[in-house]
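Asker: My structure is in final_9.csv, and what it holds is CSV, C-alpha atoms:
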chain,number,residue,atom,x,y,z
A,25,MET,CA,0.0,0.0,0.0
A,26,ASN,CA,1.3,3.4,-0.9
A,27,LYS,CA,0.8,6.1,1.8
A,28,ILE,CA,1.9,9.4,3.3
A,29,VAL,CA,1.9,10.0,7.0
A,30,ILE,CA,2.4,13.5,8.4
A,31,GLU,CA,2.9,14.3,12.1
A,32,VAL,CA,3.1,18.0,13.0
A,33,THR,CA,3.9,19.4,16.4
A,34,SER,CA,4.7,23.0,17.5
A,35,ASN,CA,8.4,22.0,17.3
A,36,GLY,CA,8.5,20.6,13.8
A,37,TRP,CA,7.2,17.8,11.6
A,38,GLU,CA,8.0,14.4,10.2
A,39,ILE,CA,6.7,13.0,6.9
A,40,SER,CA,6.9,9.3,6.2
A,41,VAL,CA,6.2,8.1,2.7
A,42,THR,CA,5.7,4.5,1.6
A,43,ILE,CA,5.9,3.7,-2.1
A,44,ASN,CA,5.8,0.1,-3.4
A,45,GLY,CA,6.8,-1.2,0.1
A,46,ARG,CA,9.8,1.1,0.5
A,47,GLU,CA,9.7,3.8,3.2
A,48,TYR,CA,11.2,7.3,3.1
A,49,LYS,CA,11.3,9.8,5.9
A,50,GLU,CA,12.0,13.5,6.2
A,51,ASN,CA,12.2,15.4,9.5
A,52,HIS,CA,12.0,19.2,10.1
A,53,ILE,CA,12.8,20.6,13.5
A,54,ALA,CA,12.1,24.3,14.0
A,55,THR,CA,15.1,26.5,15.1
A,56,GLU,CA,15.4,30.2,15.4
A,57,TYR,CA,17.3,30.3,12.1
A,58,GLY,CA,14.9,28.1,10.1
A,59,ASP,CA,14.6,24.4,10.3
A,60,PHE,CA,16.8,21.3,10.3
A,61,ILE,CA,16.1,18.7,7.7
A,62,GLY,CA,16.8,15.0,8.5
A,63,GLY,CA,16.4,12.9,5.3
A,64,ASN,CA,15.7,14.5,2.0
A,65,PHE,CA,13.0,13.5,-0.4
A,66,GLU,CA,14.7,15.5,-3.2
A,67,GLU,CA,17.6,13.0,-3.2
A,68,GLU,CA,15.3,10.0,-3.5
A,69,GLU,CA,14.9,9.0,-7.2
A,70,ASP,CA,12.2,6.4,-6.5
A,71,ILE,CA,9.6,9.1,-5.3
A,72,PRO,CA,7.5,10.0,-8.3
A,73,GLU,CA,7.5,13.7,-9.2
A,74,GLU,CA,3.8,14.2,-8.5
A,75,VAL,CA,4.3,12.8,-4.9
A,76,PHE,CA,7.5,14.9,-4.4
A,77,ASP,CA,5.6,18.1,-5.5
A,78,ALA,CA,2.8,17.4,-3.1
A,79,LEU,CA,5.3,16.8,-0.2
A,80,ASN,CA,7.2,20.0,-1.0
A,81,SER,CA,4.2,22.2,-0.1
A,82,SER,CA,4.2,24.6,2.9
A,83,PHE,CA,1.2,22.9,4.6
A,84,PRO,CA,3.2,21.2,7.4
A,85,PHE,CA,5.1,24.5,8.1
A,86,GLU,CA,1.8,26.4,8.3
A,87,CYS,CA,0.4,23.8,10.7
A,88,MET,CA,3.5,24.0,12.9
A,89,GLN,CA,3.2,27.8,13.0
A,90,ALA,CA,-0.5,27.5,13.9
A,91,LEU,CA,0.2,25.1,16.7
A,92,SER,CA,3.0,27.4,18.0
A,93,SER,CA,0.6,30.3,18.3
A,94,ILE,CA,-1.5,28.5,20.9
A,95,LYS,CA,-0.8,29.7,24.4
A,96,ASP,CA,-0.8,27.1,27.2
Please lay out the structure from this file as structure tokens.
Answerer:
Amino acid sequence: MNKIVIEVTSNGWEISVTINGREYKENHIATEYGDFIGGNFEEEEDIPEEVFDALNSSFPFECMQALSSIKD
């Protein structure tokens, strides 16, 4: 089964993609200078371009910012 799992917190996000039984992960952790990336979908040749384009959106970042704005 092909799938995309996105987990977003106020500190960053992780995206896990499974395509034809192979899993790829990318992590983003918010810092004061931007974000750190662990893993890189751009370097993975087996991820179809349509999937890569969808993963490259700003949706997870915007969700992280929204969560960060919530005061405890």
Asker: Take the point (-2.3, 0.6, 0.4) as written in the file and pick out every residue within 10 Å of it, counting all atoms listed in the file; give the list as a VMD selection string.
Answerer: chain A and resid 25 to 27 42 to 45
Asker: One number please: atom CA of Asp77 of chain A to atom CA of Ile28 of chain A, in Å, one decimal.
Answerer: 12.9 Å
Asker: Between atom CA of Gly63 of chain A and atom CA of Glu50 of chain A, what distance in Å does the model show, to one decimal?
Answerer: 4.5 Å
Asker: Using only C-alpha atoms, find the one residue out of A:Ser34, A:Ile61, A:Val29, A:Pro72 that sits nearest to Glu86 of chain A.
Answerer: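 Between A:Ser34, A:Ile61, A:Val29, A:Pro72, the residue approaching Glu86 of chain A most closely is A:Ser34.
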Asker: Between atom CA of Ile71 of chain A and atom CA of Ile53 of chain A, what is the distance in Å, rounded to a tenth?
Answerer: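 Between atom CA of Ile71 of chain A and atom CA of Ile53 of chain A the gap is 22.3 Å.
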Asker: Out of A:Phe76, A:Asp96, A:Ala90, A:Gly36, which residue has the shortest atom-to-atom distance to Glu56 of chain A when counting only C-alpha atoms?
Answerer: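 Answer, going by the shortest atom-to-atom distance: A:Gly36.
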Asker: May I ask which of the residues A:Asp59, A:Glu31, A:Glu73, A:Glu68 is the closest one to Arg46 of chain A, counting only C-alpha atoms?
Answerer: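 Going through A:Asp59, A:Glu31, A:Glu73, A:Glu68 one by one, the smallest distance to Arg46 of chain A is for A:Glu68.
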Asker: For each of A:Glu47, A:Val41, A:Gly58, A:Lys95, take the minimum atom-to-atom distance to Ala78 of chain A, counting all atoms listed in the file, then give the residue where this is smallest.
Answerer: A:Val41
Asker: Please work out which residues fall within 8 Å of (6.4, 22.0, 9.2), coordinates as given in the file, with only C-alpha atoms counting, and return them as a list in words.
Answerer: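 With a cut-off of 8 Å, the residues come to Val32, Gly36, Trp37, Glu38, His52, Ile53, Ala54, Ser82, Phe83, Pro84, Phe85, Glu86, Cys87, Met88 and Gln89 of chain A.
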Asker: Taking into account only C-alpha atoms, which residue in the set A:Ser40, A:Thr33, A:Glu74, A:Glu66 is nearest to Ser92 of chain A?
Answerer: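 Looking at the shortest contact to Ser92 of chain A, the residue is A:Thr33.
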Asker: For Ile39 of chain A, which residue among A:Leu79, A:Asp70, A:Phe60, A:Thr55 is the nearest when counting only C-alpha atoms?
Answerer: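 When distances to Ile39 of chain A are compared using only C-alpha atoms, the smallest one comes from A:Leu79.
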